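Visitor: Quick one: the structure is below, and I'll ask about it shortly.
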Amino acid sequence: MNGFEAFVAVAEELHFGRAADRLGVSQPTLSRAVGGLERALGVTLFARTTRRVALTPEGEAMLPDARTAVDAARAARRRARRAGSLVVVSKPDGDAGLLPGILEGLGEPVQLLFATTGDEAAGMLRDGRGDVALVAAPFDRTGLDVEQVHAEPRVAAQPRGREATTLAEVLALPAVTWPGVDERLDAYYRARDPETLARLTDPPPATAGRAAKDLAEALRLVELGRAVTFLPRSVARRYPREGIAYRELDGLSEARLQVAWPSTSRSPRVAAFVRTATRPR
């Protein structure tokens with residue numbers, strides 16, 4: 001535990017005892033760490049009384065940078081502990097079928113880590129659990145470098161025999177939603193894909209959709225006529241269903257697969273993965 005970790009824990013708990021328990025240290029040890037940081041900085045970070053602990057204006061100002069420093073230190077420790085290995089993050093079925101060829105071209109063993117969303121994959125890179133990721137855009141690129149790997153059409157997955165034939169019609173239907181996304185909005189074509197809506201002169205109002213925790217649930221909702229969803233063409237090809245019609249519609253934006261890695265990375269293994277992933281096919 002360093003002074004910044006101690007400061008962030010107390011700032012978030014506003015209680016020295018709870019912060020000490022959270023960090024697994026004694027309260028005197030925690031107090032010494034915070035006091036040492038205050039002396040080193042020449043400022044008072046907390047206003048302390050017998051009844052309460054509160055951040056001073058200086059403490060409030062420092063908290064965002066301190067959190068960033070703590071997160072960076074934790075990520076560095078994780079990467080140091082597994083030095084010599086490469087952890088690749090991807091969504092299941094979210095690599096456009098390219099990952100096997102990339103790994104073969106890389107020619108060395110890697111560890112695989114799966115994420116449920118692009119933002120979760122990006123978070124794994126920032127917190128040190130992963131080294132490099134194949135991620136479908138858009139996602140939170142904070143602290144990451146990104147290069148394009150692949151682009152392909154998206155398709156609308158609809159109940160067979162009841163297909164809408166235009167973009168406006170399909171966007172007016174209830175759409176599958178995903179964890180963490182406003183239930184009124186489709187994850188890709190309303191909340192997160194303004195390119196698609198910008199192609200419509202009169203975008204339809206958002207229609208309440210049905211939540212799915214994964215692709216299997218989403219496809220079942222489509223088969224049962226409860227919702228539509230939108231998938232990269234490569235994913236649709238891997239999941240043919242009698243009750244589902246996959247249709248390309250004019251105006252849907254492309255699915256873009258990108259390779260992402262921490263901006264601070266200097267790993268030769270990461271560089272080799274990026275070169276292999278972005279090699280022309």
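Scheme for the structure tokens: letters A, B, ... for chains in order shown; per-chain residue numbers from 1; ligand numbers from 1 in order shown.
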Using only C-alpha atoms, which protein or nucleic acid residues come within 7 Å of Arg129 in chain A? Drop anything in the same chain fewer than 4 positions from it, and give the result as a list in words.
Guide: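 Returned residues: Arg78, Met124 and Leu125 of chain A.
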Visitor: Can you tell me, as a ChimeraX atom specification, what residues are no more than 12 Å from Gly101 in chain A when counting only C-alpha atoms, ignoring any on the same chain fewer than 5 positions away?
Guide: /A:95-96,106-107,273,276-279,281
Visitor: What lies within 8 Å of Ala122 in chain A using only C-alpha atoms, ignoring chain neighbours under 2 positions off, as a tab-separated table (two decimals) with N, CA and C atoms, in the first residue's frame?
Guide:
```tsv
chain	number	residue	atom	x	y	z
A	118	GLY	N	-17.74	-4.62	-25.51
A	118	GLY	CA	-16.52	-3.93	-25.91
A	118	GLY	C	-15.96	-3.07	-24.80
A	119	ASP	N	-16.83	-2.39	-24.05
A	119	ASP	CA	-16.36	-1.55	-22.96
A	119	ASP	C	-15.72	-2.39	-21.85
A	120	GLU	N	-16.25	-3.58	-21.60
A	120	GLU	CA	-15.62	-4.45	-20.60
A	120	GLU	C	-14.24	-4.88	-21.08
A	124	MET	N	-10.58	-4.20	-19.27
A	124	MET	CA	-9.59	-5.22	-18.94
A	124	MET	C	-8.18	-4.80	-19.38
A	125	LEU	N	-8.11	-4.05	-20.47
A	125	LEU	CA	-6.81	-3.54	-20.90
A	125	LEU	C	-6.32	-2.46	-19.94
A	126	ARG	N	-7.22	-1.58	-19.53
A	126	ARG	CA	-6.81	-0.49	-18.65
A	126	ARG	C	-6.40	-0.97	-17.26
A	133	ALA	N	-6.55	-6.45	-27.32
A	133	ALA	CA	-7.92	-6.93	-27.51
A	133	ALA	C	-8.37	-6.73	-28.94
A	135	VAL	N	-11.77	-5.78	-30.56
A	135	VAL	CA	-12.98	-5.16	-30.02
A	135	VAL	C	-13.80	-4.56	-31.14
A	139	PHE	N	-16.42	1.73	-28.58
A	139	PHE	CA	-16.16	1.40	-27.19
A	139	PHE	C	-15.36	2.55	-26.59
A	140	ASP	N	-15.19	2.53	-25.29
A	140	ASP	CA	-14.47	3.60	-24.60
A	140	ASP	C	-12.97	3.43	-24.86
A	141	ARG	N	-12.40	4.36	-25.62
A	141	ARG	CA	-11.00	4.26	-26.03
A	141	ARG	C	-10.04	4.98	-25.09
A	144	LEU	N	-6.18	4.11	-24.56
A	144	LEU	CA	-5.86	3.03	-25.48
A	144	LEU	C	-5.43	3.56	-26.83
A	260	ALA	N	-7.00	-3.10	-30.02
A	260	ALA	CA	-6.73	-2.04	-29.05
A	260	ALA	C	-5.71	-2.53	-28.03
```
Visitor: Identify, with DSSP run on backbone atoms, the residues in range 61-159 of chain A assigned to helix (DSSP H, G or I), and express the list as a PyMOL selection string.
Guide: chain A and resi 61-81+99-106+118-126
Visitor: Quick one: everything within 12 Å of His15 in chain A, counting only C-alpha atoms, minus sequence neighbours fewer than 5 positions away in the same chain. Send it as a ChimeraX atom specification.
Guide: /A:6-10,20-22,27,30-31,46-55
